[in-house]
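Below is one structure; the comments refer to it alone.
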There are 4 protein chains.
Amino acid sequence: METRRPTNPVAEEILGLYFPVLDHGFVALVDYMGSDEDVERAARVSYGYGTRRTSETRGLIRYLRRHRHTTPSEMVELKFHCAMPIFVARQWVRHRMSSLNEYSGRYSLLPLLFYRPAPEHFQAQSATNRQGRAGAALTTVHGEAVERWERMRRGAAENYEWLVSHDVARELARIDLPLSTYTQWYWKIDLHNLFHFLAVRADPHAQYEIRAYARVVAGMLKRVAPLSFEAWVDYEHGGAHLSRAELGALRRLVAVSGGGLAARAGAQLGREELGALGLSKREIDELVAKVAAEPPADSFDLDLATARTGADFEREMAAAVPRIDRGT
Amino acid sequence: METRRPTNPVAEEILGLYFPVLDHGFVALVDYMGSDEDVERAARVSYGYGTRRTSETRGLIRYLRRHRHTTPSEMVELKFHCAMPIFVARQWVRHRMSSLNEYSGRYSLLPLLFYRPAPEHFQAQSATNRQGRAGAALTTVHGEAVERWERMRRGAAENYEWLVSHDVARELARIDLPLSTYTQWYWKIDLHNLFHFLAVRADPHAQYEIRAYARVVAGMLKRVAPLSFEAWVDYEHGGAHLSRAELGALRRLVAVSGGGLAARAGAQLGREELGALGLSKREIDELVAKVAAEPPADSFDLDLATARTGADFEREMAAAVPRIDRGT
Amino acid sequence: METRRPTNPVAEEILGLYFPVLDHGFVALVDYMGSDEDVERAARVSYGYGTRRTSETRGLIRYLRRHRHTTPSEMVELKFHCAMPIFVARQWVRHRMSSLNEYSGRYSLLPLLFYRPAPEHFQAQSATNRQGRAGAALTTVHGEAVERWERMRRGAAENYEWLVSHDVARELARIDLPLSTYTQWYWKIDLHNLFHFLAVRADPHAQYEIRAYARVVAGMLKRVAPLSFEAWVDYEHGGAHLSRAELGALRRLVAVSGGGLAARAGAQLGREELGALGLSKREIDELVAKVAAEPPADSFDLDLATARTGADFEREMAAAVPRIDRGT
Amino acid sequence: METRRPTNPVAEEILGLYFPVLDHGFVALVDYMGSDEDVERAARVSYGYGTRRTSETRGLIRYLRRHRHTTPSEMVELKFHCAMPIFVARQWVRHRMSSLNEYSGRYSLLPLLFYRPAPEHFQAQSATNRQGRAGAALTTVHGEAVERWERMRRGAAENYEWLVSHDVARELARIDLPLSTYTQWYWKIDLHNLFHFLAVRADPHAQYEIRAYARVVAGMLKRVAPLSFEAWVDYEHGGAHLSRAELGALRRLVAVSGGGLAARAGAQLGREELGALGLSKREIDELVAKVAAEPPADSFDLDLATARTGADFEREMAAAVPRIDRGT
């Protein structure tokens, strides 16, 4: 259709494409408002009439991001259609500065689709990151786990159908469905808050399953506002925060020299010296990790070949809804 | 302890008392900031130095509520500790203008406590309110439902323990726990947003289970800010909104007379005439219901005799956490 | 340009048109996301696969509005470019659930344009609505007021130019500009929050100057989401809220009869009887006013003939920026 | 008074003390909810029953701050009474995640108090930070500026009194008061959002006048939640963010060695080499500044000797309200 609104051909290309995530989930970009140019325009209104306008879009956007002038990026908005297991939805919903409309299990019968972790993501409790998983896949355990899951889910589905077929209210029938059951929603969020979502959910400390969604969302954002995305990767995602004590340590190793920087000859800070500067053991590990880390390699590009149609997913979902004779 | 902060003896009385809700849940008021006097003080700052201050607290608070001047009620804050089934938590969390910290199933082992609906709340899908339940209790179905639930929950608990004992990450082990599993959180919200929570969740259209929580929360709010609560009951909870067409209908039945109101002699509006005024069938039913309805009778008073201690609930929760030999 | 996004021809027609408000202000619709169909689509996701879909868009949207299911209307977003006096901006900015980027008086030189109230809006302090104005225009006072304003503004402009020409920081030079000075911003808000803005700012109790803006914004919203707008007018703007006591009074005057309503023969409620039902004097006046009031007559339609171009306003603004020799 | 709520003696000590800011402004801590222990308690609920609790409050709070787990700090709330010039209020109000009630110039007569910058803060437009001021005080200009301000304010005050005495609505009479006029409000905000306020407003790039307020607010926060404040200073206020390119530069100068860090012998990065790593000129300057900068020296401690009483300020404000014969 024709429009006089700002449009973005690279974003248009993926509008309405459904990208699969996990075994039955998806993310689709449904609509967008604005692009990098609109971030710039919003920022420019601050700069007004009495000033020269020399910087170009990219420079300005990088400047804004570097200095945490985030309000102009609230001017870009993205809308998604997503399906995910309920335990993922429970993490997602905590991002309050967004709008969402979820499938209602009170009003409607739920599709009985459940998430089954693939063997390669089936890992042990992490010893270091005490809330996540780590290490080699627990392949032998996985086999029995799958059997247990299948049994549990068959039972849950059968109970749900039995309750609904006995006319029990749907809001009650659903209460023993497992957290692995898929739900879906429309989700609308602005660029500023979406970057915050990615900072938390594309982070290696996030649970793998929501990270898989964050990765696809990032690929979509990259098409809507590529310069903002690049700036985010350069200044936030690929950067690191140094504390006052870490900066102090750095100053003992590096000096300003001729307008640039130089390593201080022979300067060394062992763990004890770092401790004396006020860093705890854990902070020393974190500092060393920041210095040692490779920059993130993921380009976040979407693979368009994997995309399916919305109708395709809708068919799969609809087929998983129990058919009840009562004829709702 | 001594404080120079505004305090409220009627609220102090319930501080730290744990009120049971459903079979294993609770709500406790942990802290509060301000009271009716603080709503008044915040409103008074608007009225400034050039004006007389004649109205008293009650009159002012009722005026504010009646005219939807809600910002002064943001000046009162309440903090709760609550435990509820996950399907209730999923409705609760949609109230975005609040703060919460929930028990983490990624970090910690979950207490295996599940909500079992009592027979009297086990009802059929409502035909009129298409998302709720209605009618007589389905007592014969309830018996078998309980058996099915028990079987399902034993299985879910056993699987959870098996997975955790095989060192599977907790964030994975939990994914087949049912939505009836209890969780808990700290929740902080201001008075304005809490009234909105009550408007939605103490409403007869809300699911019974969250209504049970809203009722207790209302009883606590009533102790923190009794005049604001009374005004809310009088102007919102016990009131009703009339549309433009409904007001038009009303004007045909009632006239202004001598500074008061009088019924127009012989005036009648049958369903057809109401339809001609622009009301749909459903709206006519709703209008008739508004005229026919009795004012709400619930006083929302708390029964202090039901309160338990936090330690008591903590013991119950801790006892329901699986004991795993790995020694976490 | 071509787009696969949902578009709305009636909204497209005014995209980028600048509608004058007050003497130097404007509102322009810069972009929009979604329309009534997107409100419907978001609501439909709740209704899911297990249900028939019989209602049409209009019926559904009216149902949602009537029952305060407001989250689907968060799915529509509007972006505006606006210029207004600072005292209007100070009221506007209190609508927190929106995004804005304002012209910066720290970074840029300000256009020296000031708002001068027209004689017909130059009224006395209202005796009833104790924060507004009322009564006949104070035409004789207006003449001298204009002279005083002009003198004051010439002085303020001259001082600003003098300070800036002596290289005083702009953030300081501006501090004695009057509250009538125009500023401008980009403003983005969703439909739900925009209705709340209108409820407060298109209300007769709002200050005339911000009401003038609300009126134009309403006309734009009406083009983006006409069915939602109609429902808002019917159920909220043109409706009224009755308190518990007012409903009680109503029940004494009107009875349910044959599925419809009928006036109770001879029923009358004088001011004393209304007082006995718990209504204060002020509430009785308010109730009588609700019954007596005519429904609002404003169609909120925009007059496209008044629209100007953005370039036109930009020229006017730029011409009002002081030209300083320092050459910033 | 007695309370069972968590209290904090160091915060109690300043409750209700009015700390002067600028020439007629103030900040007073009116109430607070919670302290460091409540941040800890909220975080602990996530850690649940299946885990040991070994870390102490300070360690946990530092861990949370370091890893940006900010939701527990939303559990602490502070309420302030503040008076500030309108141009400061306009920056302040942009912090949306807070509640405020402001003195109403529509309802009440305004105290005619204006902010006059002291000579030492009267500086030129900054050449580097293009929105602020810098350099030596413009003392010779200051003298004439004061004269101009005084003249302007006398005129504005006289006009305001004249308009009000002719019964012009207050909402109109005020529109030519200057942005330097003082206003006041109650302000309530949680710890998380208050830290964000400080990050933006206690920053050297913020306008001096709002920084003066941020400094006092910081001193109050330090008394309410000292460990959280210390962590904020160490990890955020006194730290710095390094971009991906800056980290890359750092890695060329510093190596991991024996579990600690060591300067790489002879490593040097001149401006050209830094440019080759992707840093713009401006970014190179910023990186050098980060390495060269001294840690912030301000302790943010309040000087209790400067505090005045609320009654004292109220008297000053009330005395500045025009006395109008009409007798409102």
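Simple scheme: letters A, B, ... for chains in structure tokens order, numbers from 1 for residues in each chain, numbers from 1 for ligands in the order shown.
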Please tabulate, as a tab-separated table, the residues of range 36-97 of chain C that come within 12 Å of range 35-48 of chain A, each with its closest pair of atoms and the distance in Å to one decimal, counting only C-alpha atoms and ordering rows by chain, then residue number upward.
```
residue	atom	partner	partner_atom	distance
C:Lys79	CA	A:Asp38	CA	10.6
C:Phe80	CA	A:Ala42	CA	10.7
C:His81	CA	A:Ala42	CA	9.5
C:Cys82	CA	A:Val45	CA	10.8
C:Ala83	CA	A:Val45	CA	11.1
```
Show me which bits of chain C are within 8 Å of chain B, counting only C-alpha atoms, as a PDB file with C-alpha atoms, in the first residue's frame.
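And here is the file that came out, out_33.pdb:
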```pdb
ATOM      1  CA  VAL C 233     -17.082   9.681  22.811  1.00  0.00           C
ATOM      2  CA  ASP C 234     -20.094   7.457  23.465  1.00  0.00           C
ATOM      3  CA  TYR C 235     -18.865   5.654  26.548  1.00  0.00           C
ATOM      4  CA  GLU C 236     -16.490   8.085  28.197  1.00  0.00           C
ATOM      5  CA  HIS C 237     -16.408  11.637  26.901  1.00  0.00           C
ATOM      6  CA  GLY C 238     -20.194  11.843  26.603  1.00  0.00           C
ATOM      7  CA  GLY C 239     -20.949   9.620  29.586  1.00  0.00           C
ATOM      8  CA  ALA C 240     -20.798  10.185  33.311  1.00  0.00           C
ATOM      9  CA  HIS C 241     -19.879   8.248  36.398  1.00  0.00           C
ATOM     10  CA  LEU C 242     -22.531   7.777  39.101  1.00  0.00           C
ATOM     11  CA  SER C 243     -21.461   7.119  42.663  1.00  0.00           C
ATOM     12  CA  ARG C 244     -22.985   4.504  44.933  1.00  0.00           C
ATOM     13  CA  ALA C 245     -25.224   7.183  46.495  1.00  0.00           C
ATOM     14  CA  GLU C 246     -26.223   8.580  43.110  1.00  0.00           C
ATOM     15  CA  LEU C 247     -27.136   5.102  41.910  1.00  0.00           C
ATOM     16  CA  LEU C 250     -31.599   6.782  40.738  1.00  0.00           C
ATOM     17  CA  ARG C 251     -33.128   3.523  41.971  1.00  0.00           C
ATOM     18  CA  LEU C 253     -36.776   7.306  40.719  1.00  0.00           C
ATOM     19  CA  VAL C 254     -36.534   4.544  38.128  1.00  0.00           C
ATOM     20  CA  ALA C 255     -37.638   0.925  38.218  1.00  0.00           C
ATOM     21  CA  VAL C 256     -36.889  -2.060  36.036  1.00  0.00           C
ATOM     22  CA  SER C 257     -40.030  -2.915  34.144  1.00  0.00           C
ATOM     23  CA  GLY C 258     -40.614  -5.508  31.457  1.00  0.00           C
ATOM     24  CA  GLY C 259     -36.930  -5.839  30.620  1.00  0.00           C
ATOM     25  CA  GLY C 260     -36.712  -2.066  30.227  1.00  0.00           C
ATOM     26  CA  LEU C 261     -36.988   0.920  32.570  1.00  0.00           C
ATOM     27  CA  ALA C 262     -39.873   3.026  33.881  1.00  0.00           C
ATOM     28  CA  ALA C 263     -40.111   6.172  36.003  1.00  0.00           C
ATOM     29  CA  ARG C 264     -41.597   5.430  39.417  1.00  0.00           C
ATOM     30  CA  ALA C 265     -44.921   7.241  39.617  1.00  0.00           C
ATOM     31  CA  GLY C 266     -44.695  10.332  41.787  1.00  0.00           C
ATOM     32  CA  ALA C 267     -41.140   9.664  42.915  1.00  0.00           C
ATOM     33  CA  GLN C 268     -39.290  12.810  43.845  1.00  0.00           C
ATOM     34  CA  LEU C 269     -36.027  13.582  45.574  1.00  0.00           C
ATOM     35  CA  GLY C 270     -35.622  17.150  46.771  1.00  0.00           C
ATOM     36  CA  ARG C 271     -32.282  18.450  47.969  1.00  0.00           C
ATOM     37  CA  LEU C 274     -30.767  13.668  48.380  1.00  0.00           C
ATOM     38  CA  ILE C 284     -26.201  17.206  44.651  1.00  0.00           C
ATOM     39  CA  ASP C 285     -25.229  20.038  42.316  1.00  0.00           C
ATOM     40  CA  VAL C 288     -28.328  17.608  38.913  1.00  0.00           C
ATOM     41  CA  VAL C 291     -29.049  14.906  34.513  1.00  0.00           C
ATOM     42  CA  ALA C 292     -29.475  18.365  33.033  1.00  0.00           C
ATOM     43  CA  PRO C 295     -24.529  15.678  25.357  1.00  0.00           C
TER      44      PRO C 295
END
```
Exercise for the section: Apply DSSP to the structure's backbone, then extract all residues of range 123-320 of chain D labelled strand (DSSP E or B) and return them as a count of residues only. Expected result: 30
Problem - Who sits within 10 Å of Arg94 in chain C, only C-alpha atoms, same chain under 4 positions skipped, as a PyMOL selection string - result: (chain C and resi 89-90+98+197) or (chain D and resi 93-94+96+99-100)
Exercise for the section: Compile the contact shell of range 218-220 of chain B as a ChimeraX atom specification: residues with an atom at most 7 Å away, counting only C-alpha atoms, same-chain residues fewer than 4 positions apart removed. Expected result: /B:214,224,300-302
Practice task
For CA of Pro85 in chain D and CA of Leu179 in chain D, quote the distance in Å rounded to one decimal.
Solution key: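 Spanning CA of Pro85 in chain D to CA of Leu179 in chain D is a straight-line distance of 6.8 Å.
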Problem - For CA of Gly155 in chain B and CA of Arg148 in chain A, the interatomic separation in Å (one decimal) - result: 8.8 Å
Handout entry: Residue contacts of Arg133 in chain A (7 Å, only C-alpha atoms) excluding same-chain residues fewer than 6 positions away, as a PyMOL selection string
Key = (chain A and resi 123-126) or (chain B and resi 169)
Those residues you just picked out, can you put them in a file as a CSV table (one decimal), in the first residue's frame with all heavy atoms?
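Produced file part34.csv, reproduced below:
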```csv
chain,number,residue,atom,x,y,z
A,123,GLN,N,21.7,-29.3,30.1
A,123,GLN,CA,23.0,-29.2,30.9
A,123,GLN,C,22.8,-29.2,32.4
A,123,GLN,O,21.6,-29.0,32.8
A,123,GLN,CB,23.8,-27.9,30.4
A,123,GLN,CG,24.2,-27.9,29.0
A,123,GLN,CD,24.5,-26.5,28.6
A,123,GLN,OE1,23.7,-25.7,28.3
A,123,GLN,NE2,25.8,-26.2,28.5
A,124,ALA,N,23.9,-29.2,33.1
A,124,ALA,CA,23.8,-29.2,34.5
A,124,ALA,C,23.7,-27.8,35.1
A,124,ALA,O,24.0,-26.9,34.4
A,124,ALA,CB,25.0,-30.0,35.1
A,125,GLN,N,23.3,-27.7,36.4
A,125,GLN,CA,23.4,-26.5,37.1
A,125,GLN,C,24.8,-25.9,37.1
A,125,GLN,O,25.8,-26.6,37.3
A,125,GLN,CB,22.9,-26.7,38.5
A,125,GLN,CG,22.7,-25.4,39.4
A,125,GLN,CD,21.5,-24.7,39.1
A,125,GLN,OE1,20.6,-25.1,38.2
A,125,GLN,NE2,21.3,-23.5,39.7
A,126,SER,N,24.9,-24.7,36.7
A,126,SER,CA,26.3,-24.0,36.7
A,126,SER,C,26.8,-23.8,38.1
A,126,SER,O,26.0,-23.4,39.0
A,126,SER,CB,26.2,-22.7,35.9
A,126,SER,OG,27.4,-22.0,36.1
B,169,ALA,N,20.0,-28.6,35.3
B,169,ALA,CA,19.9,-27.2,35.8
B,169,ALA,C,18.4,-27.0,36.2
B,169,ALA,O,17.5,-27.5,35.6
B,169,ALA,CB,20.2,-26.3,34.6
```
